[in-house]
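Structure file protein-v8.pdb with PDB, C-alpha atoms and all ligand atoms:
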ATOM      1  CA  MET L   1      86.597  55.536 240.014  1.00  0.00           C
ATOM      2  CA  ALA L   2      87.291  58.743 238.081  1.00  0.00           C
ATOM      3  CA  ASP L   3      84.716  61.478 238.555  1.00  0.00           C
ATOM      4  CA  ASN L   4      83.327  62.216 235.094  1.00  0.00           C
ATOM      5  CA  THR L   5      81.072  65.071 236.229  1.00  0.00           C
ATOM      6  CA  LEU L   6      81.379  68.040 233.874  1.00  0.00           C
ATOM      7  CA  LYS L   7      81.479  71.448 235.476  1.00  0.00           C
ATOM      8  CA  VAL L   8      79.490  73.880 233.362  1.00  0.00           C
ATOM      9  CA  ALA L   9      79.286  77.584 234.147  1.00  0.00           C
ATOM     10  CA  ILE L  10      76.589  79.791 232.652  1.00  0.00           C
ATOM     11  CA  ILE L  11      77.041  83.506 232.096  1.00  0.00           C
ATOM     12  CA  SER L  12      74.251  85.770 230.915  1.00  0.00           C
ATOM     13  CA  GLY L  13      75.278  89.072 229.400  1.00  0.00           C
ATOM     14  CA  SER L  14      72.094  90.754 230.626  1.00  0.00           C
ATOM     15  CA  LEU L  15      71.814  92.463 234.020  1.00  0.00           C
ATOM     16  CA  ARG L  16      68.051  92.803 233.611  1.00  0.00           C
ATOM     17  CA  LYS L  17      65.660  91.193 236.101  1.00  0.00           C
ATOM     18  CA  GLY L  18      63.469  88.927 234.006  1.00  0.00           C
ATOM     19  CA  SER L  19      66.147  88.655 231.292  1.00  0.00           C
ATOM     20  CA  TYR L  20      65.274  86.341 228.390  1.00  0.00           C
ATOM     21  CA  ASN L  21      68.973  85.525 227.953  1.00  0.00           C
ATOM     22  CA  THR L  22      69.273  84.424 231.572  1.00  0.00           C
ATOM     23  CA  ALA L  23      66.095  82.351 231.150  1.00  0.00           C
ATOM     24  CA  LEU L  24      67.488  80.709 228.017  1.00  0.00           C
ATOM     25  CA  ALA L  25      70.841  79.933 229.652  1.00  0.00           C
ATOM     26  CA  ARG L  26      69.058  78.401 232.652  1.00  0.00           C
ATOM     27  CA  PHE L  27      66.773  76.332 230.411  1.00  0.00           C
ATOM     28  CA  VAL L  28      69.693  74.907 228.431  1.00  0.00           C
ATOM     29  CA  ALA L  29      71.740  74.283 231.587  1.00  0.00           C
ATOM     30  CA  LYS L  30      68.810  72.426 233.169  1.00  0.00           C
ATOM     31  CA  SER L  31      68.451  70.257 230.054  1.00  0.00           C
ATOM     32  CA  MET L  32      72.173  69.405 230.184  1.00  0.00           C
ATOM     33  CA  SER L  33      71.746  67.827 233.613  1.00  0.00           C
ATOM     34  CA  ASN L  34      69.163  65.386 232.202  1.00  0.00           C
ATOM     35  CA  GLY L  35      70.925  62.046 232.109  1.00  0.00           C
ATOM     36  CA  HIS L  36      74.442  63.535 232.166  1.00  0.00           C
ATOM     37  CA  PRO L  37      76.718  64.016 235.166  1.00  0.00           C
ATOM     38  CA  VAL L  38      76.819  67.820 234.996  1.00  0.00           C
ATOM     39  CA  GLU L  39      77.307  70.383 237.766  1.00  0.00           C
ATOM     40  CA  ILE L  40      76.024  73.863 236.922  1.00  0.00           C
ATOM     41  CA  ASP L  41      77.449  77.112 238.277  1.00  0.00           C
ATOM     42  CA  GLU L  42      75.376  80.182 237.389  1.00  0.00           C
ATOM     43  CA  ILE L  43      77.750  83.146 237.410  1.00  0.00           C
ATOM     44  CA  SER L  44      75.559  86.219 237.788  1.00  0.00           C
ATOM     45  CA  LEU L  45      77.166  89.385 236.465  1.00  0.00           C
ATOM     46  CA  ASN L  46      74.467  91.257 238.360  1.00  0.00           C
ATOM     47  CA  ASP L  47      75.599  89.770 241.670  1.00  0.00           C
ATOM     48  CA  LEU L  48      79.292  90.227 240.882  1.00  0.00           C
ATOM     49  CA  ASP L  49      78.760  93.882 240.011  1.00  0.00           C
ATOM     50  CA  LEU L  50      82.132  94.206 238.260  1.00  0.00           C
ATOM     51  CA  PRO L  51      83.573  97.686 237.872  1.00  0.00           C
ATOM     52  CA  MET L  52      84.204  98.929 234.348  1.00  0.00           C
ATOM     53  CA  PHE L  53      87.604  97.677 233.256  1.00  0.00           C
ATOM     54  CA  SER L  54      90.421 100.154 233.639  1.00  0.00           C
ATOM     55  CA  GLU L  55      94.129  99.470 233.545  1.00  0.00           C
ATOM     56  CA  ASP L  56      94.517 101.984 236.368  1.00  0.00           C
ATOM     57  CA  LEU L  57      92.126  99.955 238.548  1.00  0.00           C
ATOM     58  CA  GLU L  58      93.922  96.776 237.539  1.00  0.00           C
ATOM     59  CA  ALA L  59      97.265  98.272 238.584  1.00  0.00           C
ATOM     60  CA  ASP L  60      95.892  98.591 242.138  1.00  0.00           C
ATOM     61  CA  GLY L  61      95.215  94.822 242.188  1.00  0.00           C
ATOM     62  CA  LEU L  62      92.297  92.826 240.798  1.00  0.00           C
ATOM     63  CA  PRO L  63      89.015  93.628 242.596  1.00  0.00           C
ATOM     64  CA  ALA L  64      87.529  90.798 244.700  1.00  0.00           C
ATOM     65  CA  SER L  65      84.629  90.465 242.244  1.00  0.00           C
ATOM     66  CA  VAL L  66      87.056  89.885 239.371  1.00  0.00           C
ATOM     67  CA  ILE L  67      88.981  87.287 241.364  1.00  0.00           C
ATOM     68  CA  GLU L  68      85.707  85.488 242.076  1.00  0.00           C
ATOM     69  CA  LEU L  69      84.729  85.623 238.394  1.00  0.00           C
ATOM     70  CA  LYS L  70      88.109  84.270 237.321  1.00  0.00           C
ATOM     71  CA  ASP L  71      88.185  81.485 239.921  1.00  0.00           C
ATOM     72  CA  ARG L  72      84.710  80.282 238.930  1.00  0.00           C
ATOM     73  CA  MET L  73      85.531  80.381 235.209  1.00  0.00           C
ATOM     74  CA  ILE L  74      88.810  78.546 235.764  1.00  0.00           C
ATOM     75  CA  SER L  75      87.098  75.757 237.695  1.00  0.00           C
ATOM     76  CA  ALA L  76      84.586  75.215 234.863  1.00  0.00           C
ATOM     77  CA  ASP L  77      85.199  72.689 232.084  1.00  0.00           C
ATOM     78  CA  ALA L  78      82.770  74.504 229.814  1.00  0.00           C
ATOM     79  CA  ILE L  79      80.905  77.799 229.768  1.00  0.00           C
ATOM     80  CA  LEU L  80      77.515  78.625 228.252  1.00  0.00           C
ATOM     81  CA  PHE L  81      77.267  82.272 227.250  1.00  0.00           C
ATOM     82  CA  ALA L  82      73.936  83.951 226.531  1.00  0.00           C
ATOM     83  CA  SER L  83      74.279  87.491 225.278  1.00  0.00           C
ATOM     84  CA  PRO L  84      71.649  90.033 224.419  1.00  0.00           C
ATOM     85  CA  GLU L  85      72.266  91.635 221.061  1.00  0.00           C
ATOM     86  CA  TYR L  86      72.802  95.330 221.671  1.00  0.00           C
ATOM     87  CA  ASN L  87      73.032  97.283 218.434  1.00  0.00           C
ATOM     88  CA  GLY L  88      74.020  94.199 216.495  1.00  0.00           C
ATOM     89  CA  SER L  89      76.739  93.136 218.919  1.00  0.00           C
ATOM     90  CA  ILE L  90      77.687  91.748 222.351  1.00  0.00           C
ATOM     91  CA  SER L  91      76.350  93.450 225.505  1.00  0.00           C
ATOM     92  CA  GLY L  92      78.713  95.823 227.285  1.00  0.00           C
ATOM     93  CA  ALA L  93      78.326  93.877 230.546  1.00  0.00           C
ATOM     94  CA  LEU L  94      79.514  90.644 228.955  1.00  0.00           C
ATOM     95  CA  LYS L  95      82.395  92.295 227.088  1.00  0.00           C
ATOM     96  CA  ASN L  96      83.484  93.955 230.333  1.00  0.00           C
ATOM     97  CA  ALA L  97      83.454  90.607 232.162  1.00  0.00           C
ATOM     98  CA  ILE L  98      85.432  88.950 229.367  1.00  0.00           C
ATOM     99  CA  ASP L  99      87.994  91.769 229.384  1.00  0.00           C
ATOM    100  CA  TRP L 100      88.521  91.445 233.148  1.00  0.00           C
ATOM    101  CA  ALA L 101      88.718  87.647 232.957  1.00  0.00           C
ATOM    102  CA  SER L 102      91.350  87.846 230.227  1.00  0.00           C
ATOM    103  CA  ARG L 103      93.784  89.641 232.542  1.00  0.00           C
ATOM    104  CA  PRO L 104      96.318  87.257 234.145  1.00  0.00           C
ATOM    105  CA  ARG L 105      97.277  87.158 237.786  1.00  0.00           C
ATOM    106  CA  GLU L 106     100.960  86.839 238.578  1.00  0.00           C
ATOM    107  CA  GLY L 107     102.159  83.340 237.742  1.00  0.00           C
ATOM    108  CA  GLU L 108      98.853  82.381 236.108  1.00  0.00           C
ATOM    109  CA  ALA L 109      98.823  80.657 232.728  1.00  0.00           C
ATOM    110  CA  SER L 110      97.844  82.901 229.843  1.00  0.00           C
ATOM    111  CA  LEU L 111      94.084  83.020 229.210  1.00  0.00           C
ATOM    112  CA  ALA L 112      93.441  80.573 232.060  1.00  0.00           C
ATOM    113  CA  CYS L 113      89.718  81.433 232.139  1.00  0.00           C
ATOM    114  CA  PHE L 114      89.289  80.521 228.478  1.00  0.00           C
ATOM    115  CA  LYS L 115      92.014  78.432 226.861  1.00  0.00           C
ATOM    116  CA  GLY L 116      90.962  74.908 225.942  1.00  0.00           C
ATOM    117  CA  LYS L 117      87.533  75.247 227.592  1.00  0.00           C
ATOM    118  CA  THR L 118      84.397  74.575 225.608  1.00  0.00           C
ATOM    119  CA  ALA L 119      81.947  77.402 224.960  1.00  0.00           C
ATOM    120  CA  GLY L 120      78.330  77.223 223.841  1.00  0.00           C
ATOM    121  CA  LEU L 121      76.630  80.332 222.507  1.00  0.00           C
ATOM    122  CA  LEU L 122      73.043  81.474 223.007  1.00  0.00           C
ATOM    123  CA  ALA L 123      71.128  84.688 222.457  1.00  0.00           C
ATOM    124  CA  ALA L 124      67.547  85.790 222.978  1.00  0.00           C
ATOM    125  CA  SER L 125      65.656  88.824 221.784  1.00  0.00           C
ATOM    126  CA  PRO L 126      62.057  89.893 221.334  1.00  0.00           C
ATOM    127  CA  GLY L 127      63.070  90.596 217.721  1.00  0.00           C
ATOM    128  CA  ALA L 128      62.657  88.099 214.892  1.00  0.00           C
ATOM    129  CA  ILE L 129      66.247  86.885 214.546  1.00  0.00           C
ATOM    130  CA  GLY L 130      66.954  86.532 218.236  1.00  0.00           C
ATOM    131  CA  GLY L 131      70.364  88.182 218.406  1.00  0.00           C
ATOM    132  CA  LEU L 132      72.131  86.127 215.757  1.00  0.00           C
ATOM    133  CA  ARG L 133      74.348  89.070 214.747  1.00  0.00           C
ATOM    134  CA  GLY L 134      75.529  89.502 218.323  1.00  0.00           C
ATOM    135  CA  ILE L 135      76.402  85.797 218.642  1.00  0.00           C
ATOM    136  CA  ARG L 136      78.845  86.129 215.730  1.00  0.00           C
ATOM    137  CA  HIS L 137      80.756  88.787 217.643  1.00  0.00           C
ATOM    138  CA  VAL L 138      80.784  86.712 220.831  1.00  0.00           C
ATOM    139  CA  ARG L 139      82.180  83.779 218.826  1.00  0.00           C
ATOM    140  CA  GLN L 140      84.925  85.925 217.355  1.00  0.00           C
ATOM    141  CA  ILE L 141      85.981  87.254 220.785  1.00  0.00           C
ATOM    142  CA  LEU L 142      85.997  83.847 222.498  1.00  0.00           C
ATOM    143  CA  THR L 143      87.876  82.225 219.613  1.00  0.00           C
ATOM    144  CA  GLN L 144      90.478  84.976 219.945  1.00  0.00           C
ATOM    145  CA  LEU L 145      90.794  83.900 223.604  1.00  0.00           C
ATOM    146  CA  HIS L 146      91.406  80.260 222.528  1.00  0.00           C
ATOM    147  CA  MET L 147      88.095  78.812 223.655  1.00  0.00           C
ATOM    148  CA  VAL L 148      86.744  75.848 221.737  1.00  0.00           C
ATOM    149  CA  VAL L 149      83.415  77.323 220.637  1.00  0.00           C
ATOM    150  CA  VAL L 150      81.081  74.567 219.442  1.00  0.00           C
ATOM    151  CA  PRO L 151      79.657  75.116 215.935  1.00  0.00           C
ATOM    152  CA  ALA L 152      76.080  74.708 217.198  1.00  0.00           C
ATOM    153  CA  GLU L 153      74.533  77.959 218.418  1.00  0.00           C
ATOM    154  CA  PHE L 154      70.994  79.136 219.068  1.00  0.00           C
ATOM    155  CA  ALA L 155      69.356  82.546 218.829  1.00  0.00           C
ATOM    156  CA  LEU L 156      65.827  82.687 220.226  1.00  0.00           C
ATOM    157  CA  GLY L 157      63.541  85.145 218.455  1.00  0.00           C
ATOM    158  CA  VAL L 158      60.270  86.495 219.904  1.00  0.00           C
ATOM    159  CA  ALA L 159      61.751  85.598 223.283  1.00  0.00           C
ATOM    160  CA  HIS L 160      59.080  87.467 225.249  1.00  0.00           C
ATOM    161  CA  GLN L 161      56.614  84.741 224.247  1.00  0.00           C
ATOM    162  CA  ALA L 162      58.941  81.750 224.515  1.00  0.00           C
ATOM    163  CA  PHE L 163      58.825  80.711 228.183  1.00  0.00           C
ATOM    164  CA  ASP L 164      56.116  79.399 230.484  1.00  0.00           C
ATOM    165  CA  ASP L 165      55.902  80.204 234.198  1.00  0.00           C
ATOM    166  CA  ASN L 166      58.328  77.376 235.027  1.00  0.00           C
ATOM    167  CA  GLY L 167      60.998  78.796 232.716  1.00  0.00           C
ATOM    168  CA  ASP L 168      60.456  76.047 230.152  1.00  0.00           C
ATOM    169  CA  MET L 169      60.335  76.809 226.431  1.00  0.00           C
ATOM    170  CA  THR L 170      56.893  76.292 224.980  1.00  0.00           C
ATOM    171  CA  ASP L 171      57.883  75.690 221.337  1.00  0.00           C
ATOM    172  CA  GLU L 172      59.196  72.148 221.003  1.00  0.00           C
ATOM    173  CA  ARG L 173      61.262  72.800 217.880  1.00  0.00           C
ATOM    174  CA  ALA L 174      62.989  75.826 219.400  1.00  0.00           C
ATOM    175  CA  ALA L 175      63.539  73.926 222.664  1.00  0.00           C
ATOM    176  CA  THR L 176      65.210  71.077 220.782  1.00  0.00           C
ATOM    177  CA  MET L 177      67.530  73.512 219.006  1.00  0.00           C
ATOM    178  CA  ALA L 178      68.426  75.216 222.294  1.00  0.00           C
ATOM    179  CA  LYS L 179      69.101  71.886 223.992  1.00  0.00           C
ATOM    180  CA  GLY L 180      71.259  70.932 220.990  1.00  0.00           C
ATOM    181  CA  VAL L 181      73.795  73.569 222.020  1.00  0.00           C
ATOM    182  CA  GLY L 182      73.988  72.007 225.485  1.00  0.00           C
ATOM    183  CA  LEU L 183      74.458  68.540 224.038  1.00  0.00           C
ATOM    184  CA  ALA L 184      77.170  69.764 221.672  1.00  0.00           C
ATOM    185  CA  VAL L 185      78.974  71.340 224.638  1.00  0.00           C
ATOM    186  CA  ILE L 186      78.816  68.069 226.593  1.00  0.00           C
ATOM    187  CA  GLU L 187      80.095  66.035 223.637  1.00  0.00           C
ATOM    188  CA  MET L 188      82.934  68.432 222.860  1.00  0.00           C
ATOM    189  CA  THR L 189      83.986  68.751 226.504  1.00  0.00           C
ATOM    190  CA  ASN L 190      84.042  64.971 226.957  1.00  0.00           C
ATOM    191  CA  ALA L 191      86.035  64.575 223.742  1.00  0.00           C
ATOM    192  CA  LEU L 192      88.579  67.149 224.903  1.00  0.00           C
ATOM    193  CA  LYS L 193      88.836  65.543 228.357  1.00  0.00           C
ATOM    194  CA  ASN L 194      89.604  62.191 226.758  1.00  0.00           C
ATOM    195  CA  THR L 195      92.564  63.664 224.888  1.00  0.00           C
ATOM    196  CA  LYS L 196      94.169  65.002 228.101  1.00  0.00           C
TER
HETATM  197  C1  LIG Y   1      68.442  96.296 222.199  1.00  0.00           C
HETATM  198  N1  LIG Y   1      67.689  95.264 221.657  1.00  0.00           N
HETATM  199  C2  LIG Y   1      68.085  94.699 220.442  1.00  0.00           C
HETATM  200  N2  LIG Y   1      67.481  93.554 219.973  1.00  0.00           N
HETATM  201  C3  LIG Y   1      67.913  92.977 218.814  1.00  0.00           C
HETATM  202  O1  LIG Y   1      67.386  91.945 218.422  1.00  0.00           O
HETATM  203  N3  LIG Y   1      68.942  93.528 218.103  1.00  0.00           N
HETATM  204  C4  LIG Y   1      69.584  94.647 218.511  1.00  0.00           C
HETATM  205  O2  LIG Y   1      70.509  95.087 217.864  1.00  0.00           O
HETATM  206  C5  LIG Y   1      69.146  95.270 219.712  1.00  0.00           C
HETATM  207  N4  LIG Y   1      69.766  96.402 220.184  1.00  0.00           N
HETATM  208  C6  LIG Y   1      69.488  96.864 221.449  1.00  0.00           C
HETATM  209  C7  LIG Y   1      70.261  97.879 222.002  1.00  0.00           C
HETATM  210  C8  LIG Y   1      70.049  98.302 223.298  1.00  0.00           C
HETATM  211  C9  LIG Y   1      70.930  99.351 223.898  1.00  0.00           C
HETATM  212  C10 LIG Y   1      69.003  97.705 224.073  1.00  0.00           C
HETATM  213  C11 LIG Y   1      68.766  98.144 225.502  1.00  0.00           C
HETATM  214  C12 LIG Y   1      68.214  96.735 223.520  1.00  0.00           C
HETATM  215  C13 LIG Y   1      66.539  94.705 222.379  1.00  0.00           C
HETATM  216  C14 LIG Y   1      67.015  93.555 223.290  1.00  0.00           C
HETATM  217  O3  LIG Y   1      67.127  92.390 222.508  1.00  0.00           O
HETATM  218  C15 LIG Y   1      65.997  93.339 224.397  1.00  0.00           C
HETATM  219  O4  LIG Y   1      65.995  94.464 225.252  1.00  0.00           O
HETATM  220  C16 LIG Y   1      66.265  92.061 225.182  1.00  0.00           C
HETATM  221  O5  LIG Y   1      65.165  91.787 226.010  1.00  0.00           O
HETATM  222  C17 LIG Y   1      67.545  92.162 225.992  1.00  0.00           C
HETATM  223  O6  LIG Y   1      67.887  90.907 226.530  1.00  0.00           O
HETATM  224  P1  LIG Y   1      67.415  90.436 227.996  1.00  0.00           P
HETATM  225  O7  LIG Y   1      67.721  91.565 228.941  1.00  0.00           O
HETATM  226  O8  LIG Y   1      65.963  90.129 227.911  1.00  0.00           O
HETATM  227  O9  LIG Y   1      68.236  89.220 228.246  1.00  0.00           O
END

Mind turning the file's structure into structure tokens?
Amino acid sequence: MADNTLKVAIISGSLRKGSYNTALARFVAKSMSNGHPVEIDEISLNDLDLPMFSEDLEADGLPASVIELKDRMISADAILFASPEYNGSISGALKNAIDWASRPREGEASLACFKGKTAGLLAASPGAIGGLRGIRHVRQILTQLHMVVVPAEFALGVAHQAFDDNGDMTDERAATMAKGVGLAVIEMTNALKNTK
């Protein structure tokens, strides 16, 4: 029987311990596993500790951390991104990871980490609008890289009050909206798989 388990990677654009974006990504990923055959891979940019992108560094060969990032992205069917909004835009850490991942290895298909994969977008901020302006920039970048970014997205405002000690969201309406991004990712990924 064909294995219909979806491989979903999550990437938080925050390196901060106690990050609200990481908490939101984990919450949505956990909800995706409820009743769906989903395997989650949390790709921690903190653990990977990628160097700042430089074409000079790249010319010496991709660093091991970049190869790990690329391999894990390539093996995912879908990726959930949660980015803090820094000055109305994407975090530098996430943009740096995306820039590295966009660089091909010899013989590798163009944009192998992105092309044809589903993306779901999340943001969290203590501010009122939750990083909605940043999400728009993340969408633009990932669309440029040929990801299929689902229309549903969720920006969590007042994020410092949103989670209980178990990492669950306390506001039911906000939780439903967050989970909606996960569901949209599952539906889109399954639809794309069925066309292959
Ligand atoms: C911020 N923060 C912020 N928040 C926001 O809603 N809109 C913004 O434009 C910015 N800009 C910004 C710039 C910089 C340099 C920092 C350090 C912070 C606040 C930010 O949302 C807050 O620190 C979050 O807690 C960051 O996300 P994590 O680390 O909790 O995931």

Q: Write as a ChimeraX atom specification the residues around ligand LIG 1 (chain Y), taking 12 Å as the cut-off and counting all atoms listed in the file.
A: /L:11-26,46,81-94,122-135,155-163

Selection above as a file: C-alpha atoms, as a PDB file, keeping the file's coordinate frame:
ATOM      1  CA  ILE L  11      77.041  83.506 232.096  1.00  0.00           C
ATOM      2  CA  SER L  12      74.251  85.770 230.915  1.00  0.00           C
ATOM      3  CA  GLY L  13      75.278  89.072 229.400  1.00  0.00           C
ATOM      4  CA  SER L  14      72.094  90.754 230.626  1.00  0.00           C
ATOM      5  CA  LEU L  15      71.814  92.463 234.020  1.00  0.00           C
ATOM      6  CA  ARG L  16      68.051  92.803 233.611  1.00  0.00           C
ATOM      7  CA  LYS L  17      65.660  91.193 236.101  1.00  0.00           C
ATOM      8  CA  GLY L  18      63.469  88.927 234.006  1.00  0.00           C
ATOM      9  CA  SER L  19      66.147  88.655 231.292  1.00  0.00           C
ATOM     10  CA  TYR L  20      65.274  86.341 228.390  1.00  0.00           C
ATOM     11  CA  ASN L  21      68.973  85.525 227.953  1.00  0.00           C
ATOM     12  CA  THR L  22      69.273  84.424 231.572  1.00  0.00           C
ATOM     13  CA  ALA L  23      66.095  82.351 231.150  1.00  0.00           C
ATOM     14  CA  LEU L  24      67.488  80.709 228.017  1.00  0.00           C
ATOM     15  CA  ALA L  25      70.841  79.933 229.652  1.00  0.00           C
ATOM     16  CA  ARG L  26      69.058  78.401 232.652  1.00  0.00           C
ATOM     17  CA  ASN L  46      74.467  91.257 238.360  1.00  0.00           C
ATOM     18  CA  PHE L  81      77.267  82.272 227.250  1.00  0.00           C
ATOM     19  CA  ALA L  82      73.936  83.951 226.531  1.00  0.00           C
ATOM     20  CA  SER L  83      74.279  87.491 225.278  1.00  0.00           C
ATOM     21  CA  PRO L  84      71.649  90.033 224.419  1.00  0.00           C
ATOM     22  CA  GLU L  85      72.266  91.635 221.061  1.00  0.00           C
ATOM     23  CA  TYR L  86      72.802  95.330 221.671  1.00  0.00           C
ATOM     24  CA  ASN L  87      73.032  97.283 218.434  1.00  0.00           C
ATOM     25  CA  GLY L  88      74.020  94.199 216.495  1.00  0.00           C
ATOM     26  CA  SER L  89      76.739  93.136 218.919  1.00  0.00           C
ATOM     27  CA  ILE L  90      77.687  91.748 222.351  1.00  0.00           C
ATOM     28  CA  SER L  91      76.350  93.450 225.505  1.00  0.00           C
ATOM     29  CA  GLY L  92      78.713  95.823 227.285  1.00  0.00           C
ATOM     30  CA  ALA L  93      78.326  93.877 230.546  1.00  0.00           C
ATOM     31  CA  LEU L  94      79.514  90.644 228.955  1.00  0.00           C
ATOM     32  CA  LEU L 122      73.043  81.474 223.007  1.00  0.00           C
ATOM     33  CA  ALA L 123      71.128  84.688 222.457  1.00  0.00           C
ATOM     34  CA  ALA L 124      67.547  85.790 222.978  1.00  0.00           C
ATOM     35  CA  SER L 125      65.656  88.824 221.784  1.00  0.00           C
ATOM     36  CA  PRO L 126      62.057  89.893 221.334  1.00  0.00           C
ATOM     37  CA  GLY L 127      63.070  90.596 217.721  1.00  0.00           C
ATOM     38  CA  ALA L 128      62.657  88.099 214.892  1.00  0.00           C
ATOM     39  CA  ILE L 129      66.247  86.885 214.546  1.00  0.00           C
ATOM     40  CA  GLY L 130      66.954  86.532 218.236  1.00  0.00           C
ATOM     41  CA  GLY L 131      70.364  88.182 218.406  1.00  0.00           C
ATOM     42  CA  LEU L 132      72.131  86.127 215.757  1.00  0.00           C
ATOM     43  CA  ARG L 133      74.348  89.070 214.747  1.00  0.00           C
ATOM     44  CA  GLY L 134      75.529  89.502 218.323  1.00  0.00           C
ATOM     45  CA  ILE L 135      76.402  85.797 218.642  1.00  0.00           C
ATOM     46  CA  ALA L 155      69.356  82.546 218.829  1.00  0.00           C
ATOM     47  CA  LEU L 156      65.827  82.687 220.226  1.00  0.00           C
ATOM     48  CA  GLY L 157      63.541  85.145 218.455  1.00  0.00           C
ATOM     49  CA  VAL L 158      60.270  86.495 219.904  1.00  0.00           C
ATOM     50  CA  ALA L 159      61.751  85.598 223.283  1.00  0.00           C
ATOM     51  CA  HIS L 160      59.080  87.467 225.249  1.00  0.00           C
ATOM     52  CA  GLN L 161      56.614  84.741 224.247  1.00  0.00           C
ATOM     53  CA  ALA L 162      58.941  81.750 224.515  1.00  0.00           C
ATOM     54  CA  PHE L 163      58.825  80.711 228.183  1.00  0.00           C
TER      55      PHE L 163
END

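Closest approach to Trp100 in chain L from the set L:Pro51, L:Arg139, L:Gln144, L:Ala78 is made by L:Pro51, with distances taken over only C-alpha atoms.
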
Q: Skip Glu39 in chain L itself and residues of its chain fewer than 6 positions away, then list as a ChimeraX atom specification all residues within 8 Å of it, counting all atoms listed in the file.
A: /L:5-8,33

Write the residues of the preceding selection, restricted to C-alpha atoms, as a PDB file, in the frame of the given file.
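After the write, again_11.pdb holds the following:
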ATOM      1  CA  THR L   5      81.072  65.071 236.229  1.00  0.00           C
ATOM      2  CA  LEU L   6      81.379  68.040 233.874  1.00  0.00           C
ATOM      3  CA  LYS L   7      81.479  71.448 235.476  1.00  0.00           C
ATOM      4  CA  VAL L   8      79.490  73.880 233.362  1.00  0.00           C
ATOM      5  CA  SER L  33      71.746  67.827 233.613  1.00  0.00           C
TER       6      SER L  33
END

Within 8 Å of Val185 in chain L, counting all atoms listed in the file, which residues qualify if same-chain residues fewer than 3 places away don't, as an mmCIF file with C-alpha atoms, keeping the file's coordinate frame?
data_model
loop_
_atom_site.group_PDB
_atom_site.id
_atom_site.type_symbol
_atom_site.label_atom_id
_atom_site.label_comp_id
_atom_site.auth_asym_id
_atom_site.auth_seq_id
_atom_site.Cartn_x
_atom_site.Cartn_y
_atom_site.Cartn_z
ATOM 1 C CA ALA L 78 82.770 74.504 229.814
ATOM 2 C CA THR L 118 84.397 74.575 225.608
ATOM 3 C CA ALA L 119 81.947 77.402 224.960
ATOM 4 C CA GLY L 120 78.330 77.223 223.841
ATOM 5 C CA VAL L 150 81.081 74.567 219.442
ATOM 6 C CA VAL L 181 73.795 73.569 222.020
ATOM 7 C CA GLY L 182 73.988 72.007 225.485
ATOM 8 C CA MET L 188 82.934 68.432 222.860
ATOM 9 C CA THR L 189 83.986 68.751 226.504
#

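If you look at CA of Glu153 in chain L and CA of Met169 in chain L, they are 16.3 Å away from each other.
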
(Q) One number please: CA of Ala184 in chain L to CA of Gly167 in chain L, in Å, one decimal. (A) 21.6 Å

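Of the listed residues (L:Ser54, L:Leu192, L:Ile74, L:Pro151), L:Ile74 comes nearest to Glu108 in chain L; the distances count all atoms listed in the file.
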
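Take CA of Met32 in chain L and CA of Lys196 in chain L: the distance between them is 22.5 Å.
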
Which residues fall under the PyMOL selection byres (((chain L and resi 58) around 12) and not hetatm) in this file, as a PDB file with C-alpha atoms, in the coordinates of the input?
ATOM      1  CA  PRO L  51      83.573  97.686 237.872  1.00  0.00           C
ATOM      2  CA  MET L  52      84.204  98.929 234.348  1.00  0.00           C
ATOM      3  CA  PHE L  53      87.604  97.677 233.256  1.00  0.00           C
ATOM      4  CA  SER L  54      90.421 100.154 233.639  1.00  0.00           C
ATOM      5  CA  GLU L  55      94.129  99.470 233.545  1.00  0.00           C
ATOM      6  CA  ASP L  56      94.517 101.984 236.368  1.00  0.00           C
ATOM      7  CA  LEU L  57      92.126  99.955 238.548  1.00  0.00           C
ATOM      8  CA  ALA L  59      97.265  98.272 238.584  1.00  0.00           C
ATOM      9  CA  ASP L  60      95.892  98.591 242.138  1.00  0.00           C
ATOM     10  CA  GLY L  61      95.215  94.822 242.188  1.00  0.00           C
ATOM     11  CA  LEU L  62      92.297  92.826 240.798  1.00  0.00           C
ATOM     12  CA  PRO L  63      89.015  93.628 242.596  1.00  0.00           C
ATOM     13  CA  ALA L  64      87.529  90.798 244.700  1.00  0.00           C
ATOM     14  CA  VAL L  66      87.056  89.885 239.371  1.00  0.00           C
ATOM     15  CA  ILE L  67      88.981  87.287 241.364  1.00  0.00           C
ATOM     16  CA  ASP L  99      87.994  91.769 229.384  1.00  0.00           C
ATOM     17  CA  TRP L 100      88.521  91.445 233.148  1.00  0.00           C
ATOM     18  CA  ALA L 101      88.718  87.647 232.957  1.00  0.00           C
ATOM     19  CA  SER L 102      91.350  87.846 230.227  1.00  0.00           C
ATOM     20  CA  ARG L 103      93.784  89.641 232.542  1.00  0.00           C
ATOM     21  CA  PRO L 104      96.318  87.257 234.145  1.00  0.00           C
ATOM     22  CA  ARG L 105      97.277  87.158 237.786  1.00  0.00           C
TER      23      ARG L 105
END

Edge lengths and centre, in Å to one decimal, as AutoDock Vina command-line options: that's what I need for the box along x, y and z that holds all listed atoms of range 69-87 of chain L plus 6 Å on each side.
--center_x 80.2 --center_y 85.0 --center_z 229.2 --size_x 29.2 --size_y 36.6 --size_z 33.5

Q: Go through L:His36, L:Asn4, L:Gly107, L:Ala9 and flag the residue nearest Ala76 in chain L, using only C-alpha atoms for the distances.
A: L:Ala9

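Minimum distance to Met177 in chain L across L:Ser31, L:Phe154, L:Asn96, L:Lys117 (counting all atoms listed in the file) occurs at L:Phe154.
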
Q: Evaluate the PyMOL selection byres (((chain L and resi 113) around 6) and not hetatm) and record the selected residues as number ranges by chain, following the chain and residue labels used in the document.
A: L: 73-74, 111-112, 114

Q: Translate the PyMOL selection byres (((chain L and resi 48) around 8) and not hetatm), as applied to the file shown, into an explicit residue set as a ChimeraX atom specification.
A: /L:44-47,49-50,65-66,69
